[in-house]
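Chemist: I am sharing protein11.csv, which consists of CSV, C-alpha atoms and all ligand atoms:
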chain,number,residue,atom,x,y,z
A,1,MET,CA,0.0,0.0,0.0
A,2,LEU,CA,1.3,3.4,-1.0
A,3,LYS,CA,1.8,5.7,2.0
A,4,GLN,CA,2.9,9.3,2.8
A,5,LEU,CA,4.7,10.2,5.9
A,6,ILE,CA,5.3,13.8,7.1
A,7,TYR,CA,7.4,14.5,10.2
A,8,ALA,CA,9.3,17.4,11.8
A,9,SER,CA,12.4,17.1,14.0
A,10,GLN,CA,15.2,19.2,15.5
A,11,ALA,CA,18.8,18.8,14.5
A,12,THR,CA,21.1,17.9,17.5
A,13,ARG,CA,23.4,20.7,16.3
A,14,SER,CA,23.4,23.3,13.6
A,15,MET,CA,24.0,21.5,10.3
A,16,SER,CA,26.8,22.7,7.9
A,17,ASP,CA,26.3,22.5,4.2
A,18,ASP,CA,28.5,19.4,4.3
A,19,ASP,CA,26.4,17.7,7.0
A,20,LEU,CA,23.3,18.3,4.9
A,21,LEU,CA,24.9,17.1,1.8
A,22,LYS,CA,25.9,13.8,3.6
A,23,ILE,CA,22.3,13.3,4.7
A,24,LEU,CA,21.0,14.0,1.2
A,25,ARG,CA,23.5,11.8,-0.6
A,26,VAL,CA,22.7,8.8,1.5
A,27,SER,CA,18.9,9.5,1.4
A,28,ARG,CA,18.8,9.9,-2.4
A,29,GLU,CA,20.8,6.7,-3.0
A,30,ARG,CA,18.8,4.6,-0.6
A,31,ASN,CA,15.4,6.1,-1.5
A,32,GLN,CA,16.0,5.5,-5.2
A,33,LEU,CA,16.8,1.9,-4.5
A,34,HIS,CA,13.5,1.5,-2.6
A,35,ARG,CA,11.3,3.8,-4.8
A,36,ILE,CA,10.9,6.3,-2.0
A,37,THR,CA,10.2,9.9,-3.0
A,38,GLY,CA,9.9,13.1,-1.0
A,39,MET,CA,11.0,16.5,0.1
A,40,LEU,CA,13.2,17.7,2.9
A,41,VAL,CA,13.3,21.3,4.2
A,42,TYR,CA,15.9,22.6,6.7
A,43,ARG,CA,15.5,25.9,8.5
A,44,ASP,CA,17.2,27.0,11.7
A,45,ALA,CA,18.0,23.5,12.9
A,46,ILE,CA,14.5,22.2,12.2
A,47,PHE,CA,13.8,19.5,9.6
A,48,LEU,CA,10.5,19.0,7.9
A,49,GLN,CA,10.3,16.0,5.6
A,50,ALA,CA,7.8,14.2,3.5
A,51,LEU,CA,8.4,10.6,2.4
A,52,GLU,CA,6.2,8.4,0.3
A,53,GLY,CA,6.4,4.8,-0.9
A,54,GLU,CA,5.1,1.3,-0.5
A,55,ASP,CA,4.8,0.8,3.3
A,56,SER,CA,7.0,-2.3,3.2
A,57,GLU,CA,9.8,-0.1,1.8
A,58,LEU,CA,9.0,3.0,3.7
A,59,GLU,CA,8.9,1.4,7.2
A,60,PRO,CA,12.6,0.3,7.4
A,61,ILE,CA,13.8,3.7,6.1
A,62,TRP,CA,11.5,5.5,8.7
A,63,ALA,CA,13.0,3.2,11.4
A,64,SER,CA,16.6,4.3,10.3
A,65,ILE,CA,15.6,7.9,10.3
A,66,LYS,CA,14.0,7.7,13.8
A,67,ALA,CA,17.2,6.1,15.1
A,68,ASP,CA,19.5,8.7,13.6
A,69,SER,CA,21.4,10.7,16.3
A,70,ARG,CA,21.7,13.8,14.1
A,71,HIS,CA,18.2,14.8,15.1
A,72,TRP,CA,15.7,14.4,18.0
A,73,ASN,CA,12.2,15.5,19.1
A,74,ILE,CA,10.9,13.7,16.1
A,75,VAL,CA,7.2,14.4,15.7
A,76,GLU,CA,5.2,12.3,13.2
A,77,MET,CA,2.3,14.4,11.9
A,78,ARG,CA,0.9,12.3,9.0
A,79,TYR,CA,1.4,8.7,8.0
A,80,VAL,CA,-1.5,7.8,5.8
A,81,PRO,CA,-2.4,5.7,2.7
A,82,VAL,CA,-2.4,7.8,-0.5
A,83,THR,CA,-3.5,7.1,-4.0
A,84,LYS,CA,-0.7,9.1,-5.7
A,85,ARG,CA,2.6,10.6,-4.8
A,86,ASP,CA,3.1,14.4,-4.3
A,87,PHE,CA,6.8,14.2,-5.0
A,88,SER,CA,7.1,11.6,-7.7
A,89,ASP,CA,9.9,13.3,-9.5
A,90,TRP,CA,12.3,13.4,-6.5
A,91,SER,CA,14.1,10.7,-4.6
A,92,MET,CA,14.5,13.6,-2.1
A,93,ALA,CA,13.9,17.2,-3.1
A,94,PHE,CA,15.7,19.6,-0.8
A,95,VAL,CA,15.5,23.3,0.3
A,96,ASN,CA,17.9,24.8,2.8
A,97,MET,CA,15.9,27.8,3.9
A,98,SER,CA,18.7,29.1,6.2
A,99,GLU,CA,20.5,30.0,3.0
A,100,ARG,CA,17.7,31.6,1.1
A,101,ASP,CA,15.4,34.5,1.7
A,102,LEU,CA,12.2,32.5,1.6
A,103,ASP,CA,10.7,33.8,4.8
A,104,SER,CA,8.5,36.2,3.0
A,105,ILE,CA,6.8,33.5,0.8
A,106,PRO,CA,3.3,34.7,0.4
A,107,GLY,CA,0.9,33.0,2.8
A,108,TYR,CA,3.6,31.5,5.0
A,109,SER,CA,5.3,34.3,6.8
A,110,ALA,CA,3.2,33.9,10.0
A,111,PHE,CA,3.6,30.1,9.8
A,112,LEU,CA,7.3,30.4,9.5
A,113,ALA,CA,7.7,33.0,12.3
A,114,GLU,CA,5.3,31.3,14.8
A,115,ASP,CA,4.9,27.6,14.0
A,116,PHE,CA,8.2,26.3,12.5
A,117,SER,CA,9.1,23.9,15.3
A,118,PRO,CA,8.1,20.2,15.7
A,119,GLU,CA,5.4,21.1,18.1
A,120,GLY,CA,4.1,24.1,16.1
A,121,LEU,CA,4.1,22.0,12.9
A,122,ARG,CA,2.2,19.2,14.6
A,123,ALA,CA,-0.6,21.6,15.4
A,124,LYS,CA,-0.9,22.4,11.7
A,125,PRO,CA,-0.3,19.2,9.7
A,126,GLY,CA,-2.4,20.4,6.7
A,127,LEU,CA,-0.4,23.6,6.4
A,128,ALA,CA,2.9,21.7,6.8
A,129,ARG,CA,1.9,19.5,3.8
A,130,ASP,CA,0.8,22.5,1.7
A,131,PHE,CA,4.1,24.2,2.6
A,132,LEU,CA,6.2,21.2,1.5
A,133,LEU,CA,4.2,21.0,-1.8
A,134,ASP,CA,5.0,24.7,-2.5
A,135,MET,CA,8.6,24.2,-1.6
A,136,LYS,CA,9.2,21.7,-4.3
A,137,TYR,CA,9.5,24.6,-6.8
A,138,TYR,CA,12.5,25.9,-4.8
A,139,ASN,CA,14.3,22.5,-5.0
A,140,GLN,CA,18.1,22.6,-4.8
A,141,PRO,CA,19.8,19.9,-6.9
B,201,LIG,P1,24.0,3.8,9.1
B,201,LIG,O1,24.5,4.5,7.9
B,201,LIG,O2,24.5,2.4,9.4
B,201,LIG,O3,24.1,4.8,10.3
B,201,LIG,C1,23.8,4.3,11.6
B,201,LIG,C2,23.7,5.6,12.5
B,201,LIG,O4,24.9,6.3,12.5
B,201,LIG,C3,22.7,6.6,12.0
B,201,LIG,O5,21.4,6.3,12.4
B,201,LIG,C4,23.2,7.9,12.5
B,201,LIG,O6,22.8,8.0,13.9
B,201,LIG,C5,24.7,7.7,12.5
B,201,LIG,N1,25.3,8.3,11.3
B,201,LIG,C6,25.4,7.9,10.1
B,201,LIG,N2,26.0,8.7,9.3
B,201,LIG,C7,26.4,9.8,10.1
B,201,LIG,C8,27.1,11.0,9.9
B,201,LIG,N3,27.5,11.3,8.7
B,201,LIG,N4,27.2,11.8,10.9
B,201,LIG,C9,26.7,11.5,12.2
B,201,LIG,N5,26.1,10.3,12.4
B,201,LIG,C10,25.9,9.5,11.4
B,201,LIG,N6,17.9,8.1,4.9
B,201,LIG,C11,17.2,7.6,3.9
B,201,LIG,O7,17.5,6.5,3.4
B,201,LIG,N7,16.2,8.3,3.3
B,201,LIG,C12,15.8,9.5,3.8
B,201,LIG,O8,14.9,10.2,3.2
B,201,LIG,C13,16.5,10.0,4.9
B,201,LIG,N8,16.2,11.2,5.4
B,201,LIG,C14,16.9,11.7,6.5
B,201,LIG,C15,16.5,12.9,7.1
B,201,LIG,C16,17.1,13.4,8.2
B,201,LIG,C17,16.7,14.7,8.8
B,201,LIG,C18,18.2,12.6,8.8
B,201,LIG,C19,18.9,13.2,10.0
B,201,LIG,C20,18.6,11.5,8.2
B,201,LIG,C21,17.9,11.0,7.1
B,201,LIG,N9,18.3,9.8,6.5
B,201,LIG,C22,17.6,9.3,5.4
B,201,LIG,C23,19.5,9.0,6.9
B,201,LIG,C24,19.1,7.8,7.8
B,201,LIG,O9,18.8,8.3,9.1
B,201,LIG,C25,20.2,6.7,7.8
B,201,LIG,O10,21.4,7.3,8.3
B,201,LIG,C26,20.4,6.2,6.4
B,201,LIG,O11,19.1,5.8,5.9
B,201,LIG,C27,21.3,4.9,6.5
B,201,LIG,O12,20.6,4.0,7.3
B,201,LIG,P2,21.5,2.9,8.1
B,201,LIG,O13,20.5,2.1,9.0
B,201,LIG,O14,22.3,2.1,7.1
B,201,LIG,O15,22.4,3.7,9.0
Could you spell out this file's structure in structure tokens?
Modeler:
Amino acid sequence: MLKQLIYASQATRSMSDDDLLKILRVSRERNQLHRITGMLVYRDAIFLQALEGEDSELEPIWASIKADSRHWNIVEMRYVPVTKRDFSDWSMAFVNMSERDLDSIPGYSAFLAEDFSPEGLRAKPGLARDFLLDMKYYNQP
């Protein structure tokens, strides 16, 4: 069964470009192998990620992600069956918002200022998904 997972977490320390690249490199390679697609956003030591794939392939990757010491306070906000993928073109799309002036994206400035923490995002799972969907247009290769 095809499922989509969305979670937020806090980095255990501020991530350098190199740290983020390492996460991305491994993610893209392993996701491609298991037909997992998704989107990762990083902003001020907060991760927001969507992952989608067959649940038998998604579950072990989700277990690895949850066990990863590079982040904590992992809040699952959506893990549901879906009929189609939102991020079918990307083994893991990525936006590092710390490096870009994206805080004034129309419709999201209050969300980014007030809610961009695992707890804040948990309270607004629908908005978190909409935000990830809009962020795919800012994907960094
Ligand atoms: P191993 O590579 O054997 O690593 C075991 C543990 O060592 C990890 O859990 C971690 O705690 C630690 N570790 C590994 N590399 C480093 C490092 N460079 N620095 C510090 N500690 C390290 N993986 C995916 O496959 N798909 C994803 O979409 C995905 N998204 C991620 C998103 C975030 C925010 C983070 C932090 C990690 C993500 N990962 C993702 C990586 C994932 O957590 C695993 O490290 C990876 O899948 C390899 O799994 P493994 O069981 O072989 O772990």
Chemist: List the spatial neighbours of Leu112 in chain A as a list in words - criterion: any atom at most 12 Å away, all atoms listed in the file, same-chain residues fewer than 3 positions off excluded.
Modeler: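 After dropping sequence-adjacent residues, the list is Tyr42, Arg43, Asp44, Ile46, Leu48, Met97, Ser98, Asp101, Leu102, Asp103, Ser104, Ile105, Pro106, Gly107, Tyr108, Ser109, Asp115, Phe116, Ser117, Pro118, Gly120, Leu121, Lys124, Leu127, Ala128 and Phe131 of chain A.
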Chemist: Would you tabulate, counting all atoms listed in the file, all residues of chain A that have an atom at most 8 Å from an atom of ligand LIG 201 (chain B), showing the closest pair of atoms and their distance in Å to one decimal, sorted by chain then ascending number, as JSON lines?
Modeler:
{"residue": "A:Ser9", "atom": "CA", "partner": "B:LIG201", "partner_atom": "C17", "distance": 7.2}
{"residue": "A:Ala11", "atom": "CA", "partner": "B:LIG201", "partner_atom": "C19", "distance": 7.2}
{"residue": "A:Asp19", "atom": "CA", "partner": "B:LIG201", "partner_atom": "N3", "distance": 6.7}
{"residue": "A:Lys22", "atom": "CA", "partner": "B:LIG201", "partner_atom": "N3", "distance": 5.9}
{"residue": "A:Ile23", "atom": "CA", "partner": "B:LIG201", "partner_atom": "C20", "distance": 5.4}
{"residue": "A:Leu24", "atom": "CA", "partner": "B:LIG201", "partner_atom": "N8", "distance": 7.0}
{"residue": "A:Val26", "atom": "CA", "partner": "B:LIG201", "partner_atom": "N6", "distance": 5.9}
{"residue": "A:Ser27", "atom": "CA", "partner": "B:LIG201", "partner_atom": "N7", "distance": 3.5}
{"residue": "A:Arg28", "atom": "CA", "partner": "B:LIG201", "partner_atom": "N7", "distance": 6.5}
{"residue": "A:Glu29", "atom": "CA", "partner": "B:LIG201", "partner_atom": "O7", "distance": 7.2}
{"residue": "A:Arg30", "atom": "CA", "partner": "B:LIG201", "partner_atom": "O7", "distance": 4.6}
{"residue": "A:Asn31", "atom": "CA", "partner": "B:LIG201", "partner_atom": "N7", "distance": 5.3}
{"residue": "A:Ile36", "atom": "CA", "partner": "B:LIG201", "partner_atom": "O8", "distance": 7.6}
{"residue": "A:Thr37", "atom": "CA", "partner": "B:LIG201", "partner_atom": "O8", "distance": 7.8}
{"residue": "A:Gly38", "atom": "CA", "partner": "B:LIG201", "partner_atom": "O8", "distance": 7.1}
{"residue": "A:Leu40", "atom": "CA", "partner": "B:LIG201", "partner_atom": "C15", "distance": 7.2}
{"residue": "A:Phe47", "atom": "CA", "partner": "B:LIG201", "partner_atom": "C17", "distance": 5.7}
{"residue": "A:Leu48", "atom": "CA", "partner": "B:LIG201", "partner_atom": "C17", "distance": 7.6}
{"residue": "A:Gln49", "atom": "CA", "partner": "B:LIG201", "partner_atom": "C15", "distance": 7.1}
{"residue": "A:Leu51", "atom": "CA", "partner": "B:LIG201", "partner_atom": "O8", "distance": 6.6}
{"residue": "A:Ile61", "atom": "CA", "partner": "B:LIG201", "partner_atom": "O7", "distance": 5.4}
{"residue": "A:Trp62", "atom": "CA", "partner": "B:LIG201", "partner_atom": "C12", "distance": 7.6}
{"residue": "A:Ala63", "atom": "CA", "partner": "B:LIG201", "partner_atom": "O13", "distance": 8.0}
{"residue": "A:Ser64", "atom": "CA", "partner": "B:LIG201", "partner_atom": "O13", "distance": 4.7}
{"residue": "A:Ile65", "atom": "CA", "partner": "B:LIG201", "partner_atom": "O9", "distance": 3.4}
{"residue": "A:Lys66", "atom": "CA", "partner": "B:LIG201", "partner_atom": "O9", "distance": 6.7}
{"residue": "A:Ala67", "atom": "CA", "partner": "B:LIG201", "partner_atom": "O5", "distance": 5.0}
{"residue": "A:Asp68", "atom": "CA", "partner": "B:LIG201", "partner_atom": "O5", "distance": 3.3}
{"residue": "A:Ser69", "atom": "CA", "partner": "B:LIG201", "partner_atom": "O6", "distance": 3.9}
{"residue": "A:Arg70", "atom": "CA", "partner": "B:LIG201", "partner_atom": "C19", "distance": 5.0}
{"residue": "A:His71", "atom": "CA", "partner": "B:LIG201", "partner_atom": "C19", "distance": 5.4}
{"residue": "A:Ser91", "atom": "CA", "partner": "B:LIG201", "partner_atom": "O8", "distance": 7.9}
{"residue": "A:Met92", "atom": "CA", "partner": "B:LIG201", "partner_atom": "O8", "distance": 6.3}
Chemist: When you draw a straight line from CA of Pro81 in chain A to CA of Val41 in chain A, how long is it in Å?
Modeler: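 A separation of 22.2 Å between them.
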Chemist: Using all atoms listed in the file, which residue out of A:Met77, A:Leu58, A:Val95, A:Leu133 lies closest to Gln32 in chain A?
Modeler: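 Result for the nearest residue to Gln32 in chain A: A:Leu58.
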Chemist: For CA of Ala45 in chain A and CA of Leu20 in chain A, determine how far apart the two atoms are, in Å to one decimal place.
Modeler: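 These two atoms are separated by 10.9 Å.
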Chemist: Using only C-alpha atoms, which of the listed residues (A:Thr83, A:Tyr137, A:Asp89, A:Pro125) sits closest to Ile6 in chain A?
Modeler: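 Using only C-alpha atoms, Ile6 in chain A sits closest to A:Pro125.
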Chemist: For the atom pair CA of Arg85 in chain A and CA of Gln10 in chain A, what is the interatomic distance in Å to one decimal place?
Modeler: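 That distance, rounded to one decimal, is 25.4 Å.
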Chemist: Would you mind completing range 21-32 of chain A to all heavy atoms and writing the output as a CSV table (one decimal), in the coordinates of the input?
Modeler:
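Saved to part-v4.csv:
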chain,number,residue,atom,x,y,z
A,21,LEU,N,24.6,17.8,3.0
A,21,LEU,CA,24.9,17.1,1.8
A,21,LEU,C,25.1,15.6,2.0
A,21,LEU,O,24.7,14.7,1.3
A,21,LEU,CB,26.2,17.6,1.2
A,21,LEU,CG,26.0,18.7,0.1
A,21,LEU,CD1,27.4,19.1,-0.4
A,21,LEU,CD2,25.2,18.1,-1.1
A,22,LYS,N,25.7,15.3,3.2
A,22,LYS,CA,25.9,13.8,3.6
A,22,LYS,C,24.5,13.2,3.7
A,22,LYS,O,24.3,12.1,3.3
A,22,LYS,CB,26.7,13.7,4.8
A,22,LYS,CG,28.2,13.8,4.6
A,22,LYS,CD,29.0,13.5,5.9
A,22,LYS,CE,30.5,13.9,5.6
A,22,LYS,NZ,31.1,14.4,6.8
A,23,ILE,N,23.6,13.8,4.4
A,23,ILE,CA,22.3,13.3,4.7
A,23,ILE,C,21.6,13.1,3.3
A,23,ILE,O,21.0,12.0,3.0
A,23,ILE,CB,21.5,14.2,5.6
A,23,ILE,CG1,22.0,14.2,7.0
A,23,ILE,CG2,20.0,13.8,5.6
A,23,ILE,CD1,21.4,15.2,7.9
A,24,LEU,N,21.7,14.1,2.5
A,24,LEU,CA,21.0,14.0,1.2
A,24,LEU,C,21.6,12.9,0.3
A,24,LEU,O,20.8,12.2,-0.4
A,24,LEU,CB,21.2,15.4,0.4
A,24,LEU,CG,20.1,16.4,0.7
A,24,LEU,CD1,20.4,17.6,-0.1
A,24,LEU,CD2,18.7,15.8,0.4
A,25,ARG,N,22.9,12.8,0.3
A,25,ARG,CA,23.5,11.8,-0.6
A,25,ARG,C,23.1,10.4,-0.3
A,25,ARG,O,22.6,9.7,-1.1
A,25,ARG,CB,25.1,11.9,-0.5
A,25,ARG,CG,25.8,11.5,-1.8
A,25,ARG,CD,27.3,11.8,-1.7
A,25,ARG,NE,27.6,13.2,-1.7
A,25,ARG,CZ,28.5,13.8,-0.9
A,25,ARG,NH1,29.1,13.1,0.0
A,25,ARG,NH2,28.7,15.1,-0.9
A,26,VAL,N,23.1,10.1,1.0
A,26,VAL,CA,22.7,8.8,1.5
A,26,VAL,C,21.2,8.6,1.2
A,26,VAL,O,20.7,7.5,0.8
A,26,VAL,CB,23.0,8.6,3.0
A,26,VAL,CG1,22.3,7.3,3.5
A,26,VAL,CG2,24.5,8.5,3.2
A,27,SER,N,20.4,9.6,1.5
A,27,SER,CA,18.9,9.5,1.4
A,27,SER,C,18.6,9.3,-0.1
A,27,SER,O,17.8,8.4,-0.4
A,27,SER,CB,18.3,10.9,1.8
A,27,SER,OG,18.5,11.1,3.1
A,28,ARG,N,19.2,10.1,-1.0
A,28,ARG,CA,18.8,9.9,-2.4
A,28,ARG,C,19.1,8.5,-2.9
A,28,ARG,O,18.4,7.9,-3.7
A,28,ARG,CB,19.4,11.0,-3.2
A,28,ARG,CG,18.7,12.4,-3.0
A,28,ARG,CD,19.4,13.5,-3.6
A,28,ARG,NE,18.6,14.7,-3.5
A,28,ARG,CZ,19.1,16.0,-3.6
A,28,ARG,NH1,20.3,16.2,-3.9
A,28,ARG,NH2,18.3,17.0,-3.5
A,29,GLU,N,20.3,8.0,-2.5
A,29,GLU,CA,20.8,6.7,-3.0
A,29,GLU,C,19.8,5.6,-2.5
A,29,GLU,O,19.3,4.8,-3.2
A,29,GLU,CB,22.2,6.5,-2.5
A,29,GLU,CG,22.9,5.5,-3.3
A,29,GLU,CD,24.4,5.3,-2.8
A,29,GLU,OE1,25.1,6.4,-2.8
A,29,GLU,OE2,24.7,4.2,-2.3
A,30,ARG,N,19.6,5.7,-1.2
A,30,ARG,CA,18.8,4.6,-0.6
A,30,ARG,C,17.3,4.7,-1.0
A,30,ARG,O,16.6,3.7,-1.3
A,30,ARG,CB,18.9,4.7,1.0
A,30,ARG,CG,18.3,3.4,1.6
A,30,ARG,CD,18.6,3.4,3.1
A,30,ARG,NE,17.9,2.3,3.8
A,30,ARG,CZ,17.7,2.3,5.1
A,30,ARG,NH1,18.1,3.2,5.8
A,30,ARG,NH2,17.0,1.2,5.6
A,31,ASN,N,16.8,5.9,-1.1
A,31,ASN,CA,15.4,6.1,-1.5
A,31,ASN,C,15.2,5.7,-2.9
A,31,ASN,O,14.2,5.0,-3.2
A,31,ASN,CB,15.0,7.6,-1.4
A,31,ASN,CG,15.0,8.1,0.0
A,31,ASN,OD1,15.1,7.3,1.0
A,31,ASN,ND2,14.8,9.4,0.2
A,32,GLN,N,16.1,6.0,-3.8
A,32,GLN,CA,16.0,5.5,-5.2
A,32,GLN,C,15.9,4.0,-5.3
A,32,GLN,O,15.1,3.5,-6.0
A,32,GLN,CB,17.2,6.0,-6.0
A,32,GLN,CG,16.9,6.1,-7.5
A,32,GLN,CD,18.0,7.0,-8.2
A,32,GLN,OE1,19.0,7.3,-7.6
A,32,GLN,NE2,17.7,7.3,-9.4
